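Enquirer: One structure is given below, represented as structure tokens, and several questions about it will come after.
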Amino acid sequence: MAAPLEMTPESPAPEAILEGVSGEAIEGRSLGQIAWIRLKRDKVAIGSGIFILFLLLVAIFGPYLVQDPTVYHSNLINPTLSTPYGRFGGVSLAHPLGVEPVSGRDMLSRVVNGARVSMLIAVLATALAVTIGVVMGIISGYFGGWVDAVIARSMDVFLAFPLLVFAIALVGVIPSSAFGLSGNSLRIGLLIFVIGFFAWPYMGRIIRGQTLSLREREFVDAARSLGARGPYVLFRELLPNLVAPILVYSTLLIPTNILFEAALSYLGVGIIPPTPSWGGMISDAVNNGFFNIDPMYMIIPGLAIFLTVMAFNLFGDGLRDALDPRSGR
Amino acid sequence: MGLAAVGAAATLALAACGGGSSSSSTGGTATGFNAAVNSVVNPSSHKSSGTLNFASSAAIPDSTDPGNTYYAQMWNLTRLYAMPLTTFKSCPGPCGLQVVPMLATGLGVVSNNGLTWTYHIKPNVHFEDGTLVTSQDVKYAVERTFDRAKFPLGPNYYAGLLAPQNATCAKSMAAGKTTGCYPGPYVDRSKNLMGLNAVQTPNSTTIVFHLAKPFADFNYVTAIPQSAPVPPAKDTGANYQLHPVSTGPYMFQSYQINKQLTMVPNPHWNAATDPNAKQLVSKIVLTFNVNPNDVDNRLLAGDIQVDLPGTGVQAAARTKILTTPSLKAQSDNPVSGFEWFMTLNNKVPPLNNIHCRIAIEYAANKTNNQTAYGGPYAGGDIASTAAPPNVVGQKHFDLYEATTKSQGDLTKAKQQLQACGQPNGFTTGITYRSDRPKESAVAQAMQAALARVGIKLTLHGFPTASYTSNFAGVPNYVHAHGIGIATYGWAPDWPDGYGEFYFIADGHAISPVGNTNLGELNDPVVNTLLGKFATETNASVRNSYTSQVDMQIMKDAAFLPIVYAKALLYRSPQLTNVYVQAYYGMYNYAVLGLK
């Protein structure tokens, strides 16, 4: 069991193992181990993975290390033009990414705090979407018949739903406190629900397709002939074989959800100020026309979204290649 | 008050109207920064064969139909093709706040204890097709305003002020309904379309208005473009906006809604009958839905001469103009007529205690509030009174050191908190329009400023469209959510104390839905003084009421003034006869010419 892990990345062995040339090592490697070896050789994916890890650390611990994102520094703002004094949006030692126009709030701390909000919403919304998607997809694919018809059609309905319009309307009508929550915790919960609840059909369709082909396989027949019933087959036989697509598409769903949260914040139905969020910052820069006179105010949160989305996408691609070599590069 | 019903309409279009005068004194030299605020720049009677180009980053905000519009830019523009009974005098400086006759030969003559207003119209004014304008055409224009289904966007003063059509109508109006009232000329086809009983036309040049109650401000009501004559035979209802029959110096040649409007000189217009407008160019073209930064660039490059909305240039052009002396000398920074303010609600604990309200007055950081609105040029000067300086009779005072200690006075704020019994501060909410970045910024600035004395402010942002209809303007909602502060703004329909304060400070204006008196101020002193405006005709007495009401509102700490709004306008060097008309707070479009 320990043998494959001792292999160094530069060793030519893994390729040989996969080709089945080196006979003795074959039975020692699980699918996961093979995937991990492939992933390790994908430098782009590993780089993205490290960046994502860094981002998660920033989201969790960053807000404790930077200054208060809501404190005004009016003395750093030119009152006539409402823009920061100095170059690049008022970059200084105290404010390494400069300050926000109008208020003079520290950009670094706003970007770091924005990371927490964006990641929290994106990750939890993805978790919700994946949970619903997997359960619905696996049931739909395995049982077929009218169950499949109902679920598959409802997926179509969800996919055809004008989600953005719905989200704007929903956030507009929900009162400032409901379900025992209020203010931003309610808003975050609502965003997680809206984004997650409408993103599940993407996952559901993929899982349904995979299940459709898996359920015809011999090991499923074997389990059934041994007397295994629905839930056992679903969760013990099928689910472990679906881990790969679940993992890959979760990774690819996260950046979509980050962008969706940014879009909602941009439209003014995201996080309530003064809590920072990346989309909210861009929205402010565009709506106030600041992107023309203080471009850093838009570039910095824009860059944060760009890098995050790209890292998740590249990592997801790498993961897919590693888990499913047939998909090709 | 009959006018209460108008409240909802007035809120819809806060951009309705306004005036402006400037505190700057550039003297008689008609060049340089702010030159066009108090004097005419490039006065000329030269008739140009050129085209005067307007552009707007939006479409026409409501309608080109003089009967269906409630925006200052449109009221300004309609004077190019419509002649209401009265208007605001075409002249720079405070003179432009004066109401003068336009289609009428003189201001309305009041009789019958203030209940009857009589106007005589000029006997030699013609429509663009050469037909003579008669008093019936004016009556018909007034009748049209009763059809709120066809024309929902204009003000609704006539239906509230004129005597009820009959006893049924009087009864239903008392209950806030319109059953049995005059439905407008499209439904009531009787008497040759002259079915409105409260307006009589004894001959073709006389029109008589019978009011339900005295209303001394009636000359201001007839200055709204709704009193401009409409020939019944040419009325096409909702489509009339495509070609309003002109009585002004220009007439419509072509109009594609949301795209372009072209006007050409009206051959039947007579300069002698219309001293408030000029006919100096051979064509006027208005282009709509141009990218806002593109509007500024074209303006600076000389491709267009006027930015139609008159609300000032965008941030990019503003920076360029303010940092380039030659461009700054070609710009004006008039007050727009708006005041941005917050109301402190005396019905929401703990703000029901005046000391808690005064604590907020002192704790607010007025400089940060001003910066949130765009600073001194794009935002405006820090305000200390409830009325802006262009309201006739307004006097400057500063009860809470807004201008002298603009960062706030935390010591005094804490003393007031002590007196209020909340020495460690309290929690309350603030509403603002979340789709307006400036209001979002000012709400956050207030949150940061009040936190300095322990007052915790929760933010409640709502879309503009439902702000007064569902949230800030619904007292029950405000009380249930403990929202003590509301962000708001106001420009009066006419520049006196009544026009400024009735909807935002009179106790009678409080309504359960669509409320405009957001602070729910119901001070008998204010109510009584505003009530006296209906019958008082002496100008200096009226002016004293205005400043007394203003002072009482601030003593009540019911308003937290933010800024007297200003706009940075670029004055194209190609224009002649350019000046800011104080009533509109933008250049007077009726008199512009080209070099």
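The way I read the labels, and the way they are meant: chains A, B, ... in the order of the structure tokens, residue 1 as the first residue of every chain, and ligand 1 as the first ligand shown, with later ones counted on from there.
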I'd like the neighbourhood of segment 574-582 of chain B as a ChimeraX atom specification, where a residue qualifies if any of its atoms comes within 9 Å (using only C-alpha atoms), though same-chain residues fewer than 4 positions away should be ignored.

Expert: /B:18-22,35-46,52,88-97,302,305-306,332,334-337,390,586-589,591-595

Enquirer: Among segment 175-295 of chain A, which ones does DSSP place in helix (DSSP H, G or I), written as a VMD selection string?

Expert: chain A and resid 183 to 214 218 to 225 230 to 266 278 to 287 290 to 293

Enquirer: Using only C-alpha atoms, determine which residues lie at most 6 Å from segment 369-385 of chain B, disregarding the query and same-chain residues fewer than 6 positions distant; provide the list as JSON, numbers by chain.

Expert: {"A": [79, 80, 102], "B": [398, 402, 438, 441, 442, 561, 562, 563, 564, 565, 566, 567, 568]}

Enquirer: Please determine the contact residues of chain A with respect to chain B at a cut-off of 7 Å, counting only C-alpha atoms, and supply them as a PyMOL selection string.

Expert: chain A and resi 71+79-82+102+268+274+284+287-290+292-293

Enquirer: Can you tell me, as a compact mmCIF listing (two decimals) with all heavy atoms, in the first residue's frame, what residues are no more than 12 Å from Ser277 of chain A when counting only C-alpha atoms, ignoring any on the same chain fewer than 5 positions away?

Expert:
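Wrote out-v5.txt, looks like this:
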```txt
# COMPACT_ATOMS: atom_id res chain seq x y z
N ALA A 59 -9.73 33.79 3.56
CA ALA A 59 -11.14 33.97 3.89
C ALA A 59 -11.40 33.65 5.36
O ALA A 59 -12.21 34.30 6.02
CB ALA A 59 -12.00 33.09 2.99
N PRO A 69 -12.67 47.06 8.14
CA PRO A 69 -13.03 47.51 6.78
C PRO A 69 -14.08 48.61 6.76
O PRO A 69 -14.42 49.10 5.69
CB PRO A 69 -13.57 46.24 6.13
CG PRO A 69 -14.11 45.44 7.25
CD PRO A 69 -13.22 45.73 8.44
N MET A 107 -8.62 49.42 1.25
CA MET A 107 -8.99 48.47 0.19
C MET A 107 -8.57 47.05 0.54
O MET A 107 -9.31 46.10 0.28
CB MET A 107 -8.32 48.88 -1.13
CG MET A 107 -9.02 50.00 -1.84
SD MET A 107 -10.66 49.54 -2.42
CE MET A 107 -10.25 48.68 -3.91
N SER A 109 -8.30 45.56 3.39
CA SER A 109 -9.19 44.90 4.34
C SER A 109 -10.56 44.65 3.72
O SER A 109 -11.23 43.68 4.05
CB SER A 109 -9.31 45.72 5.62
OG SER A 109 -9.99 46.90 5.37
N ARG A 110 -10.96 45.50 2.77
CA ARG A 110 -12.25 45.27 2.12
C ARG A 110 -12.19 44.07 1.17
O ARG A 110 -13.12 43.28 1.09
CB ARG A 110 -12.74 46.52 1.41
CG ARG A 110 -13.15 47.60 2.39
CD ARG A 110 -13.85 48.77 1.77
NE ARG A 110 -15.22 48.50 1.36
CZ ARG A 110 -16.25 48.40 2.18
NH1 ARG A 110 -16.08 48.50 3.48
NH2 ARG A 110 -17.45 48.17 1.71
N VAL A 111 -11.06 43.94 0.48
CA VAL A 111 -10.92 42.79 -0.42
C VAL A 111 -10.85 41.49 0.39
O VAL A 111 -11.49 40.50 0.05
CB VAL A 111 -9.68 42.96 -1.31
CG1 VAL A 111 -9.39 41.67 -2.06
CG2 VAL A 111 -9.89 44.09 -2.30
N VAL A 112 -10.09 41.52 1.50
CA VAL A 112 -9.94 40.32 2.32
C VAL A 112 -11.28 39.94 2.96
O VAL A 112 -11.68 38.78 2.95
CB VAL A 112 -8.86 40.56 3.39
CG1 VAL A 112 -8.94 39.51 4.47
CG2 VAL A 112 -7.49 40.59 2.75
N ASN A 113 -12.01 40.93 3.47
CA ASN A 113 -13.32 40.63 4.05
C ASN A 113 -14.30 40.21 2.98
O ASN A 113 -15.18 39.38 3.22
CB ASN A 113 -13.85 41.84 4.81
CG ASN A 113 -13.25 41.95 6.20
OD1 ASN A 113 -13.72 41.33 7.13
ND2 ASN A 113 -12.15 42.70 6.31
N GLY A 114 -14.14 40.79 1.78
CA GLY A 114 -15.00 40.40 0.66
C GLY A 114 -14.76 38.94 0.28
O GLY A 114 -15.69 38.23 -0.10
N ALA A 115 -13.50 38.50 0.40
CA ALA A 115 -13.18 37.10 0.09
C ALA A 115 -13.97 36.17 1.00
O ALA A 115 -14.52 35.16 0.55
CB ALA A 115 -11.68 36.85 0.27
N ARG A 116 -14.08 36.53 2.27
CA ARG A 116 -14.82 35.67 3.20
C ARG A 116 -16.26 35.54 2.76
O ARG A 116 -16.80 34.43 2.68
CB ARG A 116 -14.75 36.27 4.61
CG ARG A 116 -15.68 35.58 5.57
CD ARG A 116 -15.56 36.15 6.95
NE ARG A 116 -14.43 35.55 7.67
CZ ARG A 116 -14.24 35.71 8.97
NH1 ARG A 116 -15.05 36.46 9.67
NH2 ARG A 116 -13.23 35.15 9.57
N VAL A 117 -16.89 36.67 2.46
CA VAL A 117 -18.30 36.64 2.06
C VAL A 117 -18.47 35.84 0.76
O VAL A 117 -19.32 34.96 0.66
CB VAL A 117 -18.82 38.08 1.88
CG1 VAL A 117 -20.22 38.07 1.29
CG2 VAL A 117 -18.81 38.80 3.21
N SER A 118 -17.63 36.15 -0.24
CA SER A 118 -17.77 35.48 -1.53
C SER A 118 -17.56 33.98 -1.41
O SER A 118 -18.32 33.19 -1.96
CB SER A 118 -16.76 36.05 -2.53
OG SER A 118 -17.12 37.36 -2.87
N MET A 119 -16.51 33.58 -0.67
CA MET A 119 -16.21 32.16 -0.54
C MET A 119 -17.29 31.44 0.25
O MET A 119 -17.70 30.34 -0.10
CB MET A 119 -14.85 31.95 0.14
CG MET A 119 -13.69 32.52 -0.63
SD MET A 119 -13.51 31.72 -2.22
CE MET A 119 -12.45 30.41 -1.77
N LEU A 120 -17.74 32.09 1.33
CA LEU A 120 -18.78 31.48 2.16
C LEU A 120 -20.02 31.17 1.31
O LEU A 120 -20.53 30.05 1.31
CB LEU A 120 -19.14 32.42 3.31
CG LEU A 120 -20.20 31.91 4.27
CD1 LEU A 120 -19.61 30.81 5.15
CD2 LEU A 120 -20.74 33.03 5.15
N ILE A 121 -20.46 32.18 0.58
CA ILE A 121 -21.67 32.00 -0.22
C ILE A 121 -21.43 30.96 -1.32
O ILE A 121 -22.23 30.04 -1.51
CB ILE A 121 -22.12 33.34 -0.83
CG1 ILE A 121 -22.57 34.27 0.28
CG2 ILE A 121 -23.23 33.14 -1.86
CD1 ILE A 121 -22.97 35.64 -0.18
N ASN A 184 -27.55 40.97 7.53
CA ASN A 184 -26.71 40.28 6.56
C ASN A 184 -26.75 38.77 6.68
O ASN A 184 -26.59 38.08 5.68
CB ASN A 184 -25.27 40.77 6.67
CG ASN A 184 -24.92 41.69 5.52
OD1 ASN A 184 -25.48 41.57 4.45
ND2 ASN A 184 -24.01 42.60 5.75
N ILE A 188 -27.27 36.59 3.49
CA ILE A 188 -26.32 35.55 3.07
C ILE A 188 -27.04 34.21 2.94
O ILE A 188 -26.88 33.49 1.96
CB ILE A 188 -25.13 35.47 4.06
CG1 ILE A 188 -24.26 36.71 3.91
CG2 ILE A 188 -24.29 34.22 3.80
CD1 ILE A 188 -23.14 36.83 4.92
N ILE A 258 -19.52 32.01 -7.56
CA ILE A 258 -18.85 33.26 -7.17
C ILE A 258 -19.29 34.39 -8.10
O ILE A 258 -19.64 35.48 -7.67
CB ILE A 258 -17.32 33.09 -7.22
CG1 ILE A 258 -16.86 32.18 -6.08
CG2 ILE A 258 -16.62 34.45 -7.13
CD1 ILE A 258 -15.37 31.89 -6.09
N LEU A 259 -19.30 34.07 -9.39
CA LEU A 259 -19.70 35.08 -10.37
C LEU A 259 -21.16 35.47 -10.20
O LEU A 259 -21.53 36.63 -10.34
CB LEU A 259 -19.47 34.56 -11.79
CG LEU A 259 -18.01 34.49 -12.22
CD1 LEU A 259 -17.91 33.90 -13.61
CD2 LEU A 259 -17.37 35.86 -12.18
N GLU A 261 -22.92 35.40 -7.42
CA GLU A 261 -23.02 36.25 -6.23
C GLU A 261 -22.55 37.66 -6.56
O GLU A 261 -23.17 38.65 -6.17
CB GLU A 261 -22.17 35.66 -5.09
CG GLU A 261 -22.33 36.36 -3.76
CD GLU A 261 -21.40 37.55 -3.58
OE1 GLU A 261 -20.27 37.49 -4.07
OE2 GLU A 261 -21.81 38.53 -2.97
N ALA A 262 -21.45 37.75 -7.33
CA ALA A 262 -20.94 39.07 -7.73
C ALA A 262 -21.97 39.80 -8.57
O ALA A 262 -22.19 41.00 -8.40
CB ALA A 262 -19.63 38.91 -8.50
N ALA A 263 -22.63 39.05 -9.47
CA ALA A 263 -23.64 39.68 -10.32
C ALA A 263 -24.79 40.21 -9.47
O ALA A 263 -25.27 41.32 -9.69
CB ALA A 263 -24.15 38.67 -11.34
N LEU A 264 -25.23 39.43 -8.49
CA LEU A 264 -26.33 39.89 -7.64
C LEU A 264 -25.91 41.11 -6.83
O LEU A 264 -26.67 42.06 -6.69
CB LEU A 264 -26.78 38.76 -6.70
CG LEU A 264 -27.56 37.63 -7.36
CD1 LEU A 264 -27.88 36.55 -6.35
CD2 LEU A 264 -28.84 38.15 -7.98
N SER A 265 -24.69 41.08 -6.27
CA SER A 265 -24.22 42.24 -5.53
C SER A 265 -24.11 43.44 -6.45
O SER A 265 -24.43 44.56 -6.07
CB SER A 265 -22.84 41.97 -4.91
OG SER A 265 -22.96 41.04 -3.88
N TYR A 266 -23.68 43.17 -7.69
CA TYR A 266 -23.56 44.26 -8.65
C TYR A 266 -24.92 44.90 -8.91
O TYR A 266 -25.05 46.11 -9.05
CB TYR A 266 -22.98 43.73 -9.96
CG TYR A 266 -22.91 44.75 -11.05
CD1 TYR A 266 -21.91 45.72 -11.05
CD2 TYR A 266 -23.85 44.77 -12.07
CE1 TYR A 266 -21.86 46.68 -12.04
CE2 TYR A 266 -23.80 45.73 -13.06
CZ TYR A 266 -22.81 46.67 -13.05
OH TYR A 266 -22.77 47.63 -14.03
N GLY A 268 -27.19 45.14 -6.81
CA GLY A 268 -27.70 45.77 -5.60
C GLY A 268 -28.59 44.86 -4.77
O GLY A 268 -29.26 45.33 -3.86
N VAL A 269 -28.63 43.57 -5.06
CA VAL A 269 -29.45 42.69 -4.23
C VAL A 269 -28.56 41.69 -3.49
O VAL A 269 -29.03 40.68 -3.00
CB VAL A 269 -30.52 41.94 -5.06
CG1 VAL A 269 -31.55 42.91 -5.55
CG2 VAL A 269 -29.90 41.18 -6.21
N GLY A 270 -27.28 41.97 -3.42
CA GLY A 270 -26.37 41.07 -2.70
C GLY A 270 -26.26 41.48 -1.24
O GLY A 270 -27.25 41.74 -0.57
N ILE A 271 -25.02 41.51 -0.78
CA ILE A 271 -24.73 41.81 0.62
C ILE A 271 -25.08 43.26 0.95
O ILE A 271 -24.90 44.16 0.13
CB ILE A 271 -23.23 41.56 0.86
CG1 ILE A 271 -22.91 40.11 0.56
CG2 ILE A 271 -22.80 41.93 2.24
CD1 ILE A 271 -23.72 39.15 1.36
N ILE A 272 -25.58 43.47 2.18
CA ILE A 272 -25.94 44.82 2.61
C ILE A 272 -24.67 45.57 3.03
O ILE A 272 -23.89 45.03 3.81
CB ILE A 272 -26.91 44.77 3.80
CG1 ILE A 272 -28.16 43.96 3.41
CG2 ILE A 272 -27.30 46.16 4.26
CD1 ILE A 272 -29.00 43.57 4.59
N ILE A 282 -17.40 46.37 -7.15
CA ILE A 282 -17.39 46.68 -8.58
C ILE A 282 -18.64 47.48 -8.94
O ILE A 282 -18.58 48.46 -9.68
CB ILE A 282 -17.33 45.37 -9.40
CG1 ILE A 282 -15.97 44.72 -9.19
CG2 ILE A 282 -17.57 45.65 -10.87
CD1 ILE A 282 -15.78 43.44 -9.95
N SER A 283 -19.75 47.08 -8.36
CA SER A 283 -21.00 47.79 -8.60
C SER A 283 -20.85 49.26 -8.23
O SER A 283 -21.24 50.16 -8.97
CB SER A 283 -22.10 47.13 -7.76
OG SER A 283 -23.14 48.00 -7.54
N ASP A 284 -20.27 49.52 -7.07
CA ASP A 284 -20.07 50.87 -6.59
C ASP A 284 -19.19 51.66 -7.56
O ASP A 284 -19.47 52.81 -7.89
CB ASP A 284 -19.41 50.79 -5.21
CG ASP A 284 -19.72 52.01 -4.38
OD1 ASP A 284 -20.76 52.62 -4.61
OD2 ASP A 284 -18.89 52.35 -3.51
N ILE A 300 -9.00 46.22 -8.51
CA ILE A 300 -8.62 45.33 -7.41
C ILE A 300 -9.69 44.26 -7.12
O ILE A 300 -9.38 43.07 -7.17
CB ILE A 300 -8.26 46.15 -6.16
CG1 ILE A 300 -6.92 46.86 -6.44
CG2 ILE A 300 -8.15 45.27 -4.93
CD1 ILE A 300 -6.51 47.85 -5.42
N PRO A 301 -10.94 44.61 -6.88
CA PRO A 301 -11.92 43.52 -6.69
C PRO A 301 -12.12 42.70 -7.97
O PRO A 301 -12.37 41.50 -7.90
CB PRO A 301 -13.21 44.24 -6.29
CG PRO A 301 -13.02 45.66 -6.69
CD PRO A 301 -11.56 45.93 -6.67
N GLY A 302 -11.99 43.36 -9.14
CA GLY A 302 -12.12 42.63 -10.40
C GLY A 302 -11.06 41.56 -10.53
O GLY A 302 -11.33 40.42 -10.92
N ALA A 304 -9.47 40.18 -8.06
CA ALA A 304 -9.73 39.15 -7.06
C ALA A 304 -10.71 38.12 -7.61
O ALA A 304 -10.49 36.91 -7.50
CB ALA A 304 -10.27 39.79 -5.78
N ILE A 305 -11.79 38.60 -8.24
CA ILE A 305 -12.78 37.67 -8.81
C ILE A 305 -12.14 36.88 -9.94
O ILE A 305 -12.26 35.65 -10.02
CB ILE A 305 -14.01 38.45 -9.35
CG1 ILE A 305 -14.75 39.09 -8.20
CG2 ILE A 305 -14.93 37.53 -10.13
CD1 ILE A 305 -15.99 39.85 -8.63
```

Enquirer: Which residue gives the smallest distance to Asp65 of chain B among B:Leu242, B:Val281, B:Val138, B:Ala223, with only C-alpha atoms counted?

Expert: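 Residue with the minimum atom-to-atom distance to Asp65 of chain B: B:Leu242.
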